[in-house]
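The structure appears right after this line, and notes come after that.
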Amino acid sequence: MKKFTALIFTLLGMLTMVNAESYPAPGENFVLIKGGSFIMGSPAAEDWRSNDESQHSVTLASFYMAKYEVTQKEWREITGKNPSNFTGDKLPVESVTWLEAVEFCNALSKKNGRTPAYTVTDGGRSVSWNRSANGFRLPTEAEWEYAARAGTRTPFYSRKVPGANDVNFYGHYPYQIEQNYFHDAVLETRPGTYRAKTVDVGSFAPNPNGLYDIYGNVGEWCFDYYGDYSASAGFSGGSITNPSGVSEGSRRVYRGGGWNDFGKNLRSAYRAALPQANRAYNVGLRLVCNADDSVRGIVSTREIVAGKNSASGKGKSLIVFYSWSGNTRGVAKEIARQTGFDII
């Protein structure tokens with residue numbers, strides 16, 4: 001009986017894909033990422049992995065992904081503004097909030113005659129996603145990692161650890177330097193240039209899927225709230241199909257690392273997150289679109305607002321951290337900018 005039931009569901013799935021309406025590519029700057037299954041997350045033996053990178057099987061439908069991160073010129077043409085810390089038409093836009101990124105996606109969709117993917121209500125606290133819409137949107141965490149990995153299970157899509165000639169990141173600190181700081185001659189990739197700024201999109205070679213700057217330059221907003229993979233709707237037996245993350249949270253995920261990230265934070269499985277109304281000068285976005293309407297339904301998400309430090313709202317916070325990076329001052333300034341804490 002179980003085998004018969006499984007066969008019915010398989011056939012229904014095949015019929016859904018056969019009858020799905022295909023959407024045309026948004027343009028020459030998008031590539032088709034063909035659907036399939038992969039192992040998301042990192043193995044326990046991967047250096048500098050975190051506990052939130054638990055491995056599990058994911059199956060995804062096909063989608064289109066932009067070759068390049070959204071540029072400041074593209075952002076300005078839609079919004080009339082440029083919030084970026086670094087300026088240049090071909091530089092990736094950064095210092096944009098997740099909510100602004102969603103609004104940009106909807107505005108660009110309307111301009112191009114596509115159905116907007118998102119509905120934003122309650123001042124941004126509630127955001128729903130029409131999964132069958134053909135409009136521009138942010139990738140899910142799973143889509144981002146699937147596209148970045150390009151069929152690999154290693155920390156990076158490349159066989160060799162990327163260096164400063166391959167990626168725009170904190171080039172003084174390539175992957176695995178932390179445990180080899182005083183004898184870096186053993187490293188596969190040696191320390192290189194730290195540019196301390198963004199660079200024009202497409203400045204380095206693409207990954208096997210044809211995606212430029214999938215690591216470094218700016219981190220890229222994803223749709224998902226940050227949470228345990230196993231808490232996502234539809235997760236069962238260590239696997240999930242077309243996940244969209246948890247339905248509630250206080251932080252949205254961004255992936256890929258930025259111009260000021262260490263090599264360990266460029267890994268395909270690495271996860272980072274910020275409140276959706278926050279902005280950072282190393283976070284931007286990359287667009288995706290559905291390739292068809294085989295995935296349907298509405299995904300509803302809601303922000304959980306973190307409580308204040310005390311009932312009066314006047315509590316004090318102390319952050320203590322240790323860093324070998326040489327960029328401690330920069331980290332402290334970024335924490336102060338995003339939290340409002342004083343630097344002492």
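By order of appearance in the structure tokens: chains A, B, ..., then residues from 1 within every chain, and ligands from 1 in the order shown.
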Under the rule of at most 10 Å, produce a per-residue listing of stretch 228-259 of chain A near stretch 118-132 of chain A: chain, number, name, the closest pair of atoms, and the distance in Å, as a tab-separated table, using only C-alpha atoms.
residue	atom	partner	partner_atom	distance
A:Ser244	CA	A:Trp129	CA	9.6
A:Ser247	CA	A:Ser128	CA	9.8
A:Glu248	CA	A:Ser126	CA	9.3
A:Ser250	CA	A:Arg125	CA	9.9
Pull N, CA, C and O atoms from the residues just selected and write them as a short mmCIF file (atom, residue, chain, number, x, y, z; two decimals), in the first residue's frame.
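The resulting file, selection_3.cif, is shown below:
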data_model
loop_
_atom_site.label_atom_id
_atom_site.label_comp_id
_atom_site.auth_asym_id
_atom_site.auth_seq_id
_atom_site.Cartn_x
_atom_site.Cartn_y
_atom_site.Cartn_z
N SER A 244 11.28 27.47 2.30
CA SER A 244 11.27 28.93 2.34
C SER A 244 11.63 29.45 3.73
O SER A 244 11.43 30.63 4.02
N SER A 247 8.59 30.56 9.51
CA SER A 247 7.56 31.57 9.22
C SER A 247 7.70 32.82 10.06
O SER A 247 7.16 33.87 9.70
N GLU A 248 8.42 32.75 11.18
CA GLU A 248 8.61 33.90 12.04
C GLU A 248 10.08 34.01 12.45
O GLU A 248 10.77 33.01 12.55
N SER A 250 13.40 37.15 13.83
CA SER A 250 13.83 38.53 14.09
C SER A 250 14.93 38.97 13.14
O SER A 250 15.28 40.15 13.10
#
Pick out the residues sitting within 8 Å of stretch 40-45 of chain A, and hand them over as a list in words; count only C-alpha atoms, and ignore anything fewer than 5 positions along from it in its own chain.
->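 Within the cut-off, the hits are Glu53, Ser54, Gln55, His56, Ser57, Val58, Ala142, Glu145, Tyr146, Arg153, Pro155 and Ala269 of chain A.
One finds atom CA of A:Arg137 at 23.1 Å from atom CA of A:Gly151.
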Write down as a PyMOL selection string the residues of stretch 50-176 of chain A whose backbone DSSP state falls under strand (DSSP E).
-> chain A and resi 56-60+63-66+118-121+126-130
Take atom CA of A:Ala20 and atom CA of A:Gly297 and report the distance between them in Å, one decimal.
-> 13.7 Å
Using only C-alpha atoms, determine which residues lie at most 9 Å from A:Pro208, disregarding the query and same-chain residues fewer than 3 positions distant; provide the list as a ChimeraX atom specification.
-> /A:148-151,157-158,211
With N, CA and C atoms retained, could you export that selection as a short mmCIF file (atom, residue, chain, number, x, y, z; two decimals), in the first residue's frame?
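Dumped everything to result_2.cif:
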data_model
loop_
_atom_site.label_atom_id
_atom_site.label_comp_id
_atom_site.auth_asym_id
_atom_site.auth_seq_id
_atom_site.Cartn_x
_atom_site.Cartn_y
_atom_site.Cartn_z
N ALA A 148 25.27 28.45 -5.71
CA ALA A 148 26.67 28.71 -5.38
C ALA A 148 27.51 27.44 -5.46
N ARG A 149 26.99 26.35 -4.95
CA ARG A 149 27.73 25.08 -4.95
C ARG A 149 27.97 24.54 -6.34
N ALA A 150 27.00 24.71 -7.22
CA ALA A 150 27.14 24.22 -8.60
C ALA A 150 27.54 22.75 -8.64
N GLY A 151 26.88 21.95 -7.80
CA GLY A 151 27.11 20.51 -7.81
C GLY A 151 28.21 20.01 -6.89
N TYR A 157 32.96 26.22 -4.26
CA TYR A 157 32.69 25.52 -5.52
C TYR A 157 33.97 25.16 -6.26
N SER A 158 35.03 25.90 -5.99
CA SER A 158 36.30 25.65 -6.66
C SER A 158 37.09 24.58 -5.91
N LEU A 211 27.70 32.53 -12.46
CA LEU A 211 27.37 33.58 -11.49
C LEU A 211 28.64 34.27 -11.01
#
